[in-house]
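A short write-up of the structure that comes next.
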Amino acid sequence: MDQELNGAMRSVSINSNGLAATPHLNGHSKDEPDNVRRTAASGGALSASASAAASASVSKATNASTAAAAARAIPAAASSASTATEATSLSGLAGASEAEKKKMVYELCQQLLLTDEQVQELCYRILHEIRRGLAKDTHPKANVKCFVTYVQDLPNGNERGKFLALDLGGTNFRVLLIHLQENNDFQMESRIYAIPQHIMTGSGTQLFDHIAECLSNFMAEHNVYAERLPLGFTFSFPLRQLGLTRGLLETWTKGFNCAGVVNEDVVQLLKDAIARRGDVQIDVCAILNDTTGTLMSCAWKNHNCKIGLIVGTGSNACYVERVEEAELFDVEGNRKPHVLINTEWGAFGDNGALDFVRTEFDQDIDSHSINPGKQTFEKMISGMYMGELVRLVLVKMTHAGILFKGQDSEVLNTRGLFFTKYVSEIEADEPGTFTNCRLVLEELGLTNATDGDCANVRYICECVSKRAAHLVSAGIATLINKMDEPFVTVGVDGSVYRFHPKFHNLMVEKITKLIKPGITFDLMLSEDGSGRGAALVAAVACREDILNSK
């Protein structure tokens with residue numbers, strides 16, 4: 001990985017088993033999309049005649065090798081409940097031996113596993129896309145936007161005092177009061193406030209007046225009503241940041257549609273609402289997203305933390321970049337060497353750069369999502385989609401007669417009802433035991449599972465979660481190599497990383513193989529990045545203001 005991609009893209013041809021052949025350069029310029037051809041067989045989809053031939057071969061399968069070949073030929077359409085009639089011709093699989101079924105599941109899941117060559121190729125492509133996002137001429141067309149956060153200073157452990165944090169990112173919002181003390185000690189109090197539906201779809205003035213009222217009430221309840229306090233504002237909506245305290249809303253998401261806010265500076269709207277009340281004194285010192293908060297929260301305790309990572313409902317990363325690399329960073333008179341970059345890497349692959357490792361299941365997820373063609377990388381990683389990926393594989397295997405003797409259930413056939421927490425629970429079972437797995441299958445209405453079925457279900461979960469961990473690892477290793485520092489700590493938050501029993505170890509193992517010789521790293525679990533991290537951004541801003549005033 002000591003090589004870097006200089007304006008050229010690499011392509012990987014995929015053979016019929018979904019494995020990568022030797023990669024080669026194909027000479028794309030850095031502003032061209034990355035389109036990779038992929039043979040139909042690698043996605044498991046076959047023509048009607050091929051399916052018929054496969055069905056015939058399955059019905060005569062007498063050993064593991066012919067059964068495995070048949071499994072690869074199961075039509076992709078069988079992943080839908082409406083295609084049960086197409087799977088009928090494969091009902092002979094229900095009578096296959098446990099060993100044959102295990103082999104079939106293994107063969108089908110190979111498309112979900114990334115080869116070393118494919119992971120290496122991903123590192124090249126991620127680096128290419130990051131450079132496109134950083135460069136002024138290619139940024140408008142880049143999928144990985146690499147937004148400048150204007151955060152240039154990390155906590156040094158000397159931050160002291162009381163700070164407010166406001167965390168707005170859904171139908172509720174949090175207000176926090178954090179008192180930073182010596183020896184990395186702190187006290188934190190918080191409260192969650194609801195946002196009524198009529199305010200979510202009302203005017204921007206209504207929304208920010210509601211937030212200002214709740215801020216005022218919170219300060220009164222916690223006896224800081226008369227104090228002038230700095231505030232860090234975590235705003236988890238698409239934002240075009242123009243400075244540490246300036247950010248224009250790109251578009252509302254998550255059910256919000258407040259008039260008069262899009263293309264407006266949300267920090268100013270909050271300040272105006274506070275001023276309209278006139279009863280509290282709050283200095284809004286910074287606006288940030290939860291990924292930046294994660295890095296800041298970890299950096300307060302570990303000064304080597306230079307990367308922030310979220311692997312939860314969504315996925316994103318931020319990192320410390322040299323100012324000269326961030327061409328969109330334009331601050332007059334800046335003398336500081338670094339700035340924090342918010343990659344927004346969830347959109348990696350929206351231009352086709354991930355097509356060479358996407359499967360029929362990924363395409364199904366995307367086509368049924370609320371944002372088809374968007375957030376491609378995130379859909380292969382995050383908790384919002386991991387459970388559904390497993391469900392799609394289970395449905396295909398069940399309709400083919402490989403799992404549960406071909407007997408499905410209404411819950412199994414319903415989108416969104418195989419929760420991502422099930423993946424973590426199933427993989428938490430001790431080897432050779434299936435206690436959690438059986439409990440999950442019972443919730444799905446599948447009560448006839450054999451030990452062989454449970455082992456196969458666990459293997460499918462392992463393949464999906466391992467792929468997610470390896471995709472994230474390729475991204476993190478790329479950032480570590482680009483930064484080229486001898487030791488880097490990665491601050492991590494998110495439900496998938498926090499609760500999956502193997503995700504941390506999978507990441508450590510893969511990143512170790514991908515980083516340059518001589519570089520070391522560690523992964524650090526973040527504590528409340530969107531809350532404490534926001535307060536720390538405000539604290540650092542205040543620290544710098546004091547230094548600059550001297």
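Simple scheme: letters A, B, ... for chains in structure tokens order, numbers from 1 for residues in each chain, numbers from 1 for ligands in the order shown.
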Give one line per residue of stretch 424-518 of chain A that approaches stretch 387-410 of chain A to at most 6 Å, naming the two atoms of the closest pair and their distance in Å to one decimal, counting only C-alpha atoms; sort by chain then ascending residue number and deliver it as a Markdown table.
```
| residue | atom | partner | partner_atom | distance |
| --- | --- | --- | --- | --- |
| A:Gly445 | CA | A:Ser409 | CA | 5.8 |
| A:Ala449 | CA | A:Phe404 | CA | 5.4 |
| A:Asp453 | CA | A:Leu403 | CA | 5.8 |
```
What's around A:His179 at 8 Å? Count only C-alpha atoms, leave out sequence neighbours fewer than 5 positions away in its own chain, and write the answer as a ChimeraX atom specification.
/A:160-163,186-188
Just want the 10 Å neighbourhood of A:Leu269, counted on only C-alpha atoms, with same-chain residues fewer than 4 positions away dropped. Output as a list of chain:residue names.
A:Gly204, A:Thr205, A:Leu207, A:Phe208, A:Asp209, A:Gly260, A:Val261, A:Glu264, A:Asp265, A:Ala273, A:Ile274, A:Ala275
Nearby residues (only C-alpha atoms) at most 9 Å from stretch 221-237 of chain A, same-chain spacing under 6 positions excluded, as a PyMOL selection string:
chain A and resi 162-170+177+189+249-254+266-267+279-290+293+530-531+533-539+542
Can you tell me which residues surround stretch 518-520 of chain A at a distance of at most 12 Å, considering only C-alpha atoms, apart from same-chain residues fewer than 3 positions away, and format the answer as a PDB file with N, CA, C and O atoms, in the first residue's frame?
```pdb
ATOM      1  N   MET A   1       0.809  -1.217   0.000  1.00  0.00           N
ATOM      2  CA  MET A   1       0.000   0.000   0.000  1.00  0.00           C
ATOM      3  C   MET A   1       0.845   1.272   0.000  1.00  0.00           C
ATOM      4  O   MET A   1       0.362   2.335   0.290  1.00  0.00           O
ATOM      5  N   ASP A   2       2.182   1.101  -0.190  1.00  0.00           N
ATOM      6  CA  ASP A   2       2.994   2.307  -0.223  1.00  0.00           C
ATOM      7  C   ASP A   2       2.886   3.009  -1.555  1.00  0.00           C
ATOM      8  O   ASP A   2       3.392   4.101  -1.734  1.00  0.00           O
ATOM      9  N   ASN A 304      -3.347  10.961  20.239  1.00  0.00           N
ATOM     10  CA  ASN A 304      -2.978  10.356  18.950  1.00  0.00           C
ATOM     11  C   ASN A 304      -4.184  10.123  18.055  1.00  0.00           C
ATOM     12  O   ASN A 304      -4.029   9.659  16.922  1.00  0.00           O
ATOM     13  N   ALA A 477      -7.741   1.961   6.466  1.00  0.00           N
ATOM     14  CA  ALA A 477      -6.343   1.741   6.092  1.00  0.00           C
ATOM     15  C   ALA A 477      -5.893   2.763   5.051  1.00  0.00           C
ATOM     16  O   ALA A 477      -4.761   3.257   5.091  1.00  0.00           O
ATOM     17  N   ILE A 480      -5.230   5.983   6.921  1.00  0.00           N
ATOM     18  CA  ILE A 480      -3.995   5.873   7.713  1.00  0.00           C
ATOM     19  C   ILE A 480      -2.775   5.991   6.802  1.00  0.00           C
ATOM     20  O   ILE A 480      -1.816   6.714   7.110  1.00  0.00           O
ATOM     21  N   ASN A 481      -2.811   5.299   5.665  1.00  0.00           N
ATOM     22  CA  ASN A 481      -1.681   5.353   4.740  1.00  0.00           C
ATOM     23  C   ASN A 481      -1.517   6.745   4.129  1.00  0.00           C
ATOM     24  O   ASN A 481      -0.404   7.207   3.907  1.00  0.00           O
ATOM     25  N   LYS A 482      -2.633   7.397   3.857  1.00  0.00           N
ATOM     26  CA  LYS A 482      -2.554   8.744   3.279  1.00  0.00           C
ATOM     27  C   LYS A 482      -1.964   9.732   4.282  1.00  0.00           C
ATOM     28  O   LYS A 482      -1.158  10.601   3.918  1.00  0.00           O
ATOM     29  N   MET A 483      -2.342   9.615   5.535  1.00  0.00           N
ATOM     30  CA  MET A 483      -1.826  10.508   6.569  1.00  0.00           C
ATOM     31  C   MET A 483      -0.336  10.257   6.819  1.00  0.00           C
ATOM     32  O   MET A 483       0.412  11.180   7.112  1.00  0.00           O
ATOM     33  N   ASP A 484       0.068   8.988   6.715  1.00  0.00           N
ATOM     34  CA  ASP A 484       1.491   8.605   6.792  1.00  0.00           C
ATOM     35  C   ASP A 484       2.147   9.076   8.085  1.00  0.00           C
ATOM     36  O   ASP A 484       3.253   9.616   8.075  1.00  0.00           O
ATOM     37  N   GLU A 485       1.452   8.853   9.204  1.00  0.00           N
ATOM     38  CA  GLU A 485       2.038   9.140  10.512  1.00  0.00           C
ATOM     39  C   GLU A 485       2.403   7.820  11.187  1.00  0.00           C
ATOM     40  O   GLU A 485       1.761   6.791  10.939  1.00  0.00           O
ATOM     41  N   PRO A 486       3.410   7.814  12.061  1.00  0.00           N
ATOM     42  CA  PRO A 486       3.887   6.539  12.623  1.00  0.00           C
ATOM     43  C   PRO A 486       2.869   5.827  13.511  1.00  0.00           C
ATOM     44  O   PRO A 486       2.854   4.597  13.568  1.00  0.00           O
ATOM     45  N   PHE A 487       2.005   6.584  14.195  1.00  0.00           N
ATOM     46  CA  PHE A 487       0.998   5.956  15.052  1.00  0.00           C
ATOM     47  C   PHE A 487      -0.283   6.772  15.007  1.00  0.00           C
ATOM     48  O   PHE A 487      -0.255   7.993  15.148  1.00  0.00           O
ATOM     49  N   VAL A 488      -1.388   6.096  14.801  1.00  0.00           N
ATOM     50  CA  VAL A 488      -2.689   6.760  14.716  1.00  0.00           C
ATOM     51  C   VAL A 488      -3.712   5.979  15.536  1.00  0.00           C
ATOM     52  O   VAL A 488      -3.797   4.748  15.439  1.00  0.00           O
ATOM     53  N   THR A 489      -4.482   6.703  16.328  1.00  0.00           N
ATOM     54  CA  THR A 489      -5.633   6.110  16.999  1.00  0.00           C
ATOM     55  C   THR A 489      -6.891   6.487  16.219  1.00  0.00           C
ATOM     56  O   THR A 489      -7.047   7.633  15.799  1.00  0.00           O
ATOM     57  N   VAL A 490      -7.763   5.503  16.027  1.00  0.00           N
ATOM     58  CA  VAL A 490      -9.039   5.705  15.336  1.00  0.00           C
ATOM     59  C   VAL A 490     -10.151   5.679  16.385  1.00  0.00           C
ATOM     60  O   VAL A 490     -10.344   4.664  17.068  1.00  0.00           O
ATOM     61  N   VAL A 508      -9.274  -4.946  13.146  1.00  0.00           N
ATOM     62  CA  VAL A 508      -7.863  -4.901  13.533  1.00  0.00           C
ATOM     63  C   VAL A 508      -7.041  -5.830  12.647  1.00  0.00           C
ATOM     64  O   VAL A 508      -5.968  -5.458  12.146  1.00  0.00           O
ATOM     65  N   ILE A 511      -7.001  -4.297   8.874  1.00  0.00           N
ATOM     66  CA  ILE A 511      -6.240  -3.049   8.760  1.00  0.00           C
ATOM     67  C   ILE A 511      -4.745  -3.320   8.907  1.00  0.00           C
ATOM     68  O   ILE A 511      -3.918  -2.741   8.189  1.00  0.00           O
ATOM     69  N   THR A 512      -4.386  -4.206   9.822  1.00  0.00           N
ATOM     70  CA  THR A 512      -2.971  -4.556  10.033  1.00  0.00           C
ATOM     71  C   THR A 512      -2.324  -5.045   8.740  1.00  0.00           C
ATOM     72  O   THR A 512      -1.157  -4.734   8.455  1.00  0.00           O
ATOM     73  N   LYS A 513      -3.080  -5.775   7.946  1.00  0.00           N
ATOM     74  CA  LYS A 513      -2.545  -6.306   6.691  1.00  0.00           C
ATOM     75  C   LYS A 513      -2.436  -5.241   5.598  1.00  0.00           C
ATOM     76  O   LYS A 513      -1.689  -5.404   4.642  1.00  0.00           O
ATOM     77  N   LEU A 514      -3.192  -4.154   5.739  1.00  0.00           N
ATOM     78  CA  LEU A 514      -3.300  -3.176   4.661  1.00  0.00           C
ATOM     79  C   LEU A 514      -2.433  -1.940   4.838  1.00  0.00           C
ATOM     80  O   LEU A 514      -2.161  -1.232   3.867  1.00  0.00           O
ATOM     81  N   ILE A 515      -2.014  -1.653   6.051  1.00  0.00           N
ATOM     82  CA  ILE A 515      -1.254  -0.413   6.260  1.00  0.00           C
ATOM     83  C   ILE A 515       0.221  -0.613   5.920  1.00  0.00           C
ATOM     84  O   ILE A 515       0.723  -1.726   5.884  1.00  0.00           O
ATOM     85  N   LEU A 523      -7.758   1.036  17.715  1.00  0.00           N
ATOM     86  CA  LEU A 523      -9.158   1.452  17.622  1.00  0.00           C
ATOM     87  C   LEU A 523      -9.665   1.742  19.029  1.00  0.00           C
ATOM     88  O   LEU A 523      -9.492   0.923  19.933  1.00  0.00           O
TER      89      LEU A 523
END
```
One number please: atom CA of A:Ile310 to atom CA of A:Thr115, in Å, one decimal.
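For atom CA of A:Ile310 relative to atom CA of A:Thr115, the distance reads 24.2 Å.
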For A:Glu378, please output as JSON, numbers by chain all residues within 7 Å (counting only C-alpha atoms; exclusion window: fewer than 4 positions along the same chain).
{"A": [314, 315, 346, 347, 382]}
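Closest approach to A:Cys298 from the set A:Asn184, A:Thr414, A:Thr245, A:Asn436 is made by A:Asn184, with distances taken over only C-alpha atoms.
Computed from the coordinates, the atom CA of A:Tyr385 to atom CA of A:Gln110 distance equals 19.2 Å.
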From the set A:Arg358, A:Arg125, A:Lys306, A:Arg458, which residue has the shortest atom-to-atom contact distance to A:Tyr106, counting only C-alpha atoms?
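Distance minimum relative to A:Tyr106 lands on A:Arg458.
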